[in-house]
Amino acid sequence: MPADARFVRVARAAAVACASLDDIGVEDLADLRLLVDEACHALLAIGSGDITIRMASADSGLAVSLRAPSGGAARWDDRRFDLLRTMAAVMCERADMGVSGATAWFEAETRRLDH
Amino acid sequence: MNESRVEIESVEEQIRRYHRTQDRALRNQIVEDHRWLAVVSARQLARGSEPLDDLVQVAVIGVLKAVERFDPDYGVAFRTFASSTVRGELRRYYRDAGWSMRVPRRLKDLRYEIAAAVDVLHERLDRSPTIAEIADYLHLATDELQDCIAASSNYRTLPLDTTVDGEPTRSRDREAGWEDTVVDTMDDRHELVRMLTGLPERLRTIMVLRFVEEMNQSEIAAVIGISQVHVSRLLRTALTQLRAQAELRMVPS
């Protein structure tokens, strides 16, 4: 995804489209949309280049990973990204974020519906 | 004799009979019997600038559509189904001008049908329905439904200083009561709550219920008396506003 906020819409639509192929309730889809939106904006704020978004099938549901050049930041600013952290904790089965070398990353796994 | 049978027939049975016979007089009677629902919904969603009569007209069309589409076998009361259809019809009337990009009419229509379907299916399944289940219910291909979901992200977001989210709800008084209770009982030291102070009261409440109380969207919807789809939209508005506020704070550096 180009480092341009106008493309966030494309990223979240793609994530939701992928997830909706799986057995995921609409409410979790709505959550995923909010989360991808927030994570993309966070990476646009701290990153300094294109964002790479990957989606893969995981045990619990859909695994979403976002990566961008960290632009020299050594870590995510806790205060600034507290909301993203909280959202991920509430919405996902598993989520983590950090900076490795020159890459800032965010990873989350959604919950598949249990019938 | 026949008359007494008609008298004890429930509206669900009447609709079943209408679908079988296509008797327009019967349909009109059912619509007329539920005109009160149109009036109530129109009053609840009235915004001041629109004449109430016009809104009632729109709402009556919603009742009519509900009679046409209602499936008595789904186990949801007609009244429940009709009120979500009527609200959808009114919202569409209000929102036609609110799209930031031209979206094909069919997709716009679908959006509201989806919202109504989500409500009905949620009640029926006692959980959030999947895309496949909604597609099945609306007799749509999953692809078509996905296109609609993608198009629905083209809604214009509200300006920063908007204090009302753009959609009136059923009971403002009831909501205001909730806002007071929830916000007063929150621990002020909670970092998230501190961040939310710049938000309008209503958005803050929904954010707190979702991310501090960890209620899911449909629980919040039930508590506040709006649809889950609306809760989702309000969460998005809140997040957009918070980001805009954060960006404003960043400007000097």
# chains A, B, ... in the order shown; residues from 1 in each chain; ligands from 1
>>> residues_around(residues="stretch 71-81 of chain B", least_positions_apart="6", cutoff="10 Å", atoms="only C-alpha atoms", output="tab-separated table (two decimals) with N, CA and C atoms, in the first residue's frame")
chain	number	residue	atom	x	y	z
B	10	SER	N	-53.43	-13.56	13.02
B	10	SER	CA	-52.32	-12.67	13.38
B	10	SER	C	-51.78	-12.00	12.12
B	11	VAL	N	-51.01	-10.94	12.32
B	11	VAL	CA	-50.49	-10.23	11.15
B	11	VAL	C	-49.56	-11.15	10.34
B	12	GLU	N	-48.83	-12.00	11.06
B	12	GLU	CA	-47.95	-12.95	10.36
B	12	GLU	C	-48.78	-13.86	9.45
B	13	GLU	N	-49.93	-14.31	9.96
B	13	GLU	CA	-50.80	-15.16	9.14
B	13	GLU	C	-51.40	-14.38	7.98
B	14	GLN	N	-51.76	-13.13	8.26
B	14	GLN	CA	-52.31	-12.28	7.19
B	14	GLN	C	-51.30	-12.14	6.06
B	15	ILE	N	-50.05	-11.94	6.44
B	15	ILE	CA	-49.02	-11.75	5.41
B	15	ILE	C	-48.81	-13.04	4.62
B	16	ARG	N	-48.84	-14.13	5.36
B	16	ARG	CA	-48.73	-15.42	4.67
B	16	ARG	C	-49.86	-15.54	3.63
B	19	HIS	N	-49.19	-13.22	0.68
B	19	HIS	CA	-48.17	-13.74	-0.24
B	19	HIS	C	-48.76	-14.85	-1.12
B	34	HIS	N	-50.61	-0.83	10.21
B	34	HIS	CA	-49.30	-0.54	10.79
B	34	HIS	C	-48.82	0.87	10.49
B	37	LEU	N	-46.84	2.58	13.13
B	37	LEU	CA	-45.40	2.28	13.20
B	37	LEU	C	-44.62	3.29	12.34
B	63	VAL	N	-43.13	0.35	5.40
B	63	VAL	CA	-44.07	-0.66	5.89
B	63	VAL	C	-44.50	-1.57	4.73
B	116	ALA	N	-30.87	-4.42	7.91
B	116	ALA	CA	-32.09	-5.03	8.44
B	116	ALA	C	-31.90	-6.54	8.59
B	117	ALA	N	-31.24	-7.14	7.60
B	117	ALA	CA	-31.02	-8.59	7.63
B	117	ALA	C	-30.14	-8.98	8.81
B	119	ASP	N	-29.95	-7.48	11.67
B	119	ASP	CA	-30.80	-7.43	12.86
B	119	ASP	C	-31.65	-8.68	12.99
B	120	VAL	N	-32.30	-9.03	11.89
B	120	VAL	CA	-33.23	-10.16	11.92
B	120	VAL	C	-32.46	-11.46	12.20
B	121	LEU	N	-31.35	-11.64	11.49
B	121	LEU	CA	-30.59	-12.89	11.66
B	121	LEU	C	-29.95	-12.98	13.04
B	123	GLU	N	-31.14	-11.85	15.76
B	123	GLU	CA	-32.17	-12.25	16.70
B	123	GLU	C	-32.46	-13.75	16.57
B	124	ARG	N	-32.44	-14.19	15.32
B	124	ARG	CA	-32.78	-15.58	15.04
B	124	ARG	C	-31.67	-16.54	15.48
B	137	TYR	N	-29.89	-15.31	3.12
B	137	TYR	CA	-31.15	-14.70	3.56
B	137	TYR	C	-31.69	-13.71	2.53
>>> closest_atom_pairs(of="chain A", to="chain B", cutoff="8 Å", atoms="only C-alpha atoms", output="tab-separated table")
residue	atom	partner	partner_atom	distance
A:Arg9	CA	B:Ser153	CA	6.9
A:Ala13	CA	B:Ala150	CA	5.2
A:Ala17	CA	B:Gln146	CA	6.3
A:Ser20	CA	B:Ile131	CA	6.1
A:Leu21	CA	B:Ile131	CA	7.9
A:Asp23	CA	B:Thr130	CA	6.5
A:Ile24	CA	B:Thr130	CA	5.6
A:Gly25	CA	B:Thr130	CA	4.2
A:Val26	CA	B:Thr130	CA	5.5
A:Glu27	CA	B:Ser128	CA	5.9
A:Ala30	CA	B:Ser232	CA	6.4
A:Asp31	CA	B:Ser232	CA	7.7
A:Leu34	CA	B:Arg236	CA	6.4
A:Glu38	CA	B:Leu239	CA	7.6
A:Asp82	CA	B:Leu192	CA	7.2
A:Leu83	CA	B:Leu192	CA	6.6
A:Thr86	CA	B:Phe211	CA	6.7
A:Met87	CA	B:Phe211	CA	6.4
A:Val90	CA	B:Phe211	CA	6.3
>>> residues_around(residues="B:Arg35", least_positions_apart="3", cutoff="8 Å", atoms="only C-alpha atoms", output="list of chain:residue names")
B:Val31, B:Glu32, B:Ala38, B:Val39, B:Val60, B:Val63
>>> atom_distance(atom1="atom CA of A:Arg80", atom2="atom CA of B:Arg204")
17.6 Å
>>> closest_residue(among="A:Ala102, A:Ala89, A:Ala73, A:Val36", to="A:Arg54", atoms="only C-alpha atoms")
A:Val36
>>> select_by_dssp(residues="stretch 81-111 of chain A", states="alpha helix (DSSP H)", output="short mmCIF file (atom, residue, chain, number, x, y, z; two decimals) with N, CA and C atoms, in the first residue's frame")
data_model
loop_
_atom_site.label_atom_id
_atom_site.label_comp_id
_atom_site.auth_asym_id
_atom_site.auth_seq_id
_atom_site.Cartn_x
_atom_site.Cartn_y
_atom_site.Cartn_z
N ASP A 82 -1.66 3.71 22.35
CA ASP A 82 -2.38 2.97 23.37
C ASP A 82 -3.74 2.48 22.86
N LEU A 83 -4.38 3.33 22.08
CA LEU A 83 -5.71 2.97 21.57
C LEU A 83 -5.62 1.75 20.64
N LEU A 84 -4.65 1.77 19.73
CA LEU A 84 -4.49 0.65 18.81
C LEU A 84 -4.23 -0.65 19.59
N ARG A 85 -3.37 -0.53 20.60
CA ARG A 85 -3.04 -1.68 21.43
C ARG A 85 -4.29 -2.22 22.13
N THR A 86 -5.07 -1.29 22.68
CA THR A 86 -6.30 -1.70 23.39
C THR A 86 -7.29 -2.36 22.42
N MET A 87 -7.45 -1.72 21.26
CA MET A 87 -8.39 -2.27 20.26
C MET A 87 -7.99 -3.70 19.90
N ALA A 88 -6.70 -3.88 19.63
CA ALA A 88 -6.22 -5.20 19.22
C ALA A 88 -6.47 -6.23 20.33
N ALA A 89 -6.22 -5.80 21.58
CA ALA A 89 -6.40 -6.72 22.70
C ALA A 89 -7.86 -7.13 22.85
N VAL A 90 -8.76 -6.17 22.64
CA VAL A 90 -10.19 -6.46 22.83
C VAL A 90 -10.74 -7.26 21.65
N MET A 91 -10.28 -6.93 20.45
CA MET A 91 -10.91 -7.50 19.25
C MET A 91 -10.31 -8.82 18.79
#
>>> atom_distance(atom1="atom CA of B:Ile61", atom2="atom CA of B:Ala221")
25.4 Å
>>> residues_around(residues="A:Asp37", least_positions_apart="6", cutoff="8 Å", atoms="only C-alpha atoms", output="list in words")
Val8, Arg9, Ala11 and Arg12 of chain A
>>> write_last_selection(atoms="C-alpha atoms", output="compact mmCIF listing (two decimals), in the first residue's frame")
# COMPACT_ATOMS: atom_id res chain seq x y z
CA VAL A 8 -6.34 2.96 3.66
CA ARG A 9 -9.83 2.40 2.30
CA ALA A 11 -6.52 -1.93 2.56
CA ARG A 12 -9.50 -2.30 4.84
>>> residues_around(residues="B:Leu138", least_positions_apart="2", cutoff="8 Å", atoms="only C-alpha atoms", output="number ranges by chain")
B: 113-114, 117, 134-136, 140
>>> write_last_selection(atoms="all heavy atoms", output="PDB file, in the first residue's frame")
ATOM      1  N   GLU B 113     -30.785  -2.991   3.303  1.00  0.00           N
ATOM      2  CA  GLU B 113     -31.351  -4.342   3.434  1.00  0.00           C
ATOM      3  C   GLU B 113     -30.420  -5.202   4.272  1.00  0.00           C
ATOM      4  O   GLU B 113     -30.866  -6.020   5.071  1.00  0.00           O
ATOM      5  CB  GLU B 113     -31.518  -4.973   2.050  1.00  0.00           C
ATOM      6  CG  GLU B 113     -32.725  -4.421   1.323  1.00  0.00           C
ATOM      7  CD  GLU B 113     -32.916  -5.089  -0.023  1.00  0.00           C
ATOM      8  OE1 GLU B 113     -32.603  -6.280  -0.149  1.00  0.00           O
ATOM      9  OE2 GLU B 113     -33.371  -4.400  -0.953  1.00  0.00           O
ATOM     10  N   ILE B 114     -29.127  -5.003   4.070  1.00  0.00           N
ATOM     11  CA  ILE B 114     -28.156  -5.786   4.838  1.00  0.00           C
ATOM     12  C   ILE B 114     -28.290  -5.458   6.319  1.00  0.00           C
ATOM     13  O   ILE B 114     -28.337  -6.354   7.158  1.00  0.00           O
ATOM     14  CB  ILE B 114     -26.715  -5.519   4.350  1.00  0.00           C
ATOM     15  CG1 ILE B 114     -26.537  -6.094   2.949  1.00  0.00           C
ATOM     16  CG2 ILE B 114     -25.691  -6.131   5.304  1.00  0.00           C
ATOM     17  CD1 ILE B 114     -25.277  -5.637   2.242  1.00  0.00           C
ATOM     18  N   ALA B 117     -31.239  -7.140   7.599  1.00  0.00           N
ATOM     19  CA  ALA B 117     -31.015  -8.587   7.627  1.00  0.00           C
ATOM     20  C   ALA B 117     -30.137  -8.979   8.814  1.00  0.00           C
ATOM     21  O   ALA B 117     -30.388  -9.987   9.481  1.00  0.00           O
ATOM     22  CB  ALA B 117     -30.377  -9.055   6.322  1.00  0.00           C
ATOM     23  N   ILE B 134     -26.004 -14.067   5.508  1.00  0.00           N
ATOM     24  CA  ILE B 134     -26.734 -12.872   5.060  1.00  0.00           C
ATOM     25  C   ILE B 134     -27.054 -13.001   3.570  1.00  0.00           C
ATOM     26  O   ILE B 134     -28.158 -12.701   3.128  1.00  0.00           O
ATOM     27  CB  ILE B 134     -25.915 -11.593   5.316  1.00  0.00           C
ATOM     28  CG1 ILE B 134     -25.671 -11.425   6.811  1.00  0.00           C
ATOM     29  CG2 ILE B 134     -26.639 -10.363   4.788  1.00  0.00           C
ATOM     30  CD1 ILE B 134     -24.603 -10.401   7.130  1.00  0.00           C
ATOM     31  N   ALA B 135     -26.070 -13.460   2.801  1.00  0.00           N
ATOM     32  CA  ALA B 135     -26.263 -13.624   1.362  1.00  0.00           C
ATOM     33  C   ALA B 135     -27.411 -14.592   1.101  1.00  0.00           C
ATOM     34  O   ALA B 135     -28.286 -14.346   0.265  1.00  0.00           O
ATOM     35  CB  ALA B 135     -24.981 -14.128   0.713  1.00  0.00           C
ATOM     36  N   ASP B 136     -27.437 -15.663   1.867  1.00  0.00           N
ATOM     37  CA  ASP B 136     -28.477 -16.667   1.722  1.00  0.00           C
ATOM     38  C   ASP B 136     -29.847 -16.064   2.047  1.00  0.00           C
ATOM     39  O   ASP B 136     -30.814 -16.239   1.327  1.00  0.00           O
ATOM     40  CB  ASP B 136     -28.141 -17.826   2.675  1.00  0.00           C
ATOM     41  CG  ASP B 136     -29.059 -19.009   2.445  1.00  0.00           C
ATOM     42  OD1 ASP B 136     -29.234 -19.358   1.264  1.00  0.00           O
ATOM     43  OD2 ASP B 136     -29.603 -19.552   3.426  1.00  0.00           O
ATOM     44  N   LEU B 140     -28.766 -13.382  -2.338  1.00  0.00           N
ATOM     45  CA  LEU B 140     -27.728 -12.695  -3.115  1.00  0.00           C
ATOM     46  C   LEU B 140     -26.520 -13.601  -3.250  1.00  0.00           C
ATOM     47  O   LEU B 140     -26.310 -14.483  -2.421  1.00  0.00           O
ATOM     48  CB  LEU B 140     -27.241 -11.461  -2.348  1.00  0.00           C
ATOM     49  CG  LEU B 140     -28.156 -10.274  -2.226  1.00  0.00           C
ATOM     50  CD1 LEU B 140     -27.499  -9.268  -1.303  1.00  0.00           C
ATOM     51  CD2 LEU B 140     -28.398  -9.661  -3.588  1.00  0.00           C
TER      52      LEU B 140
END
>>> atom_distance(atom1="atom CA of A:Gly61", atom2="atom CA of A:Leu43")
23.0 Å
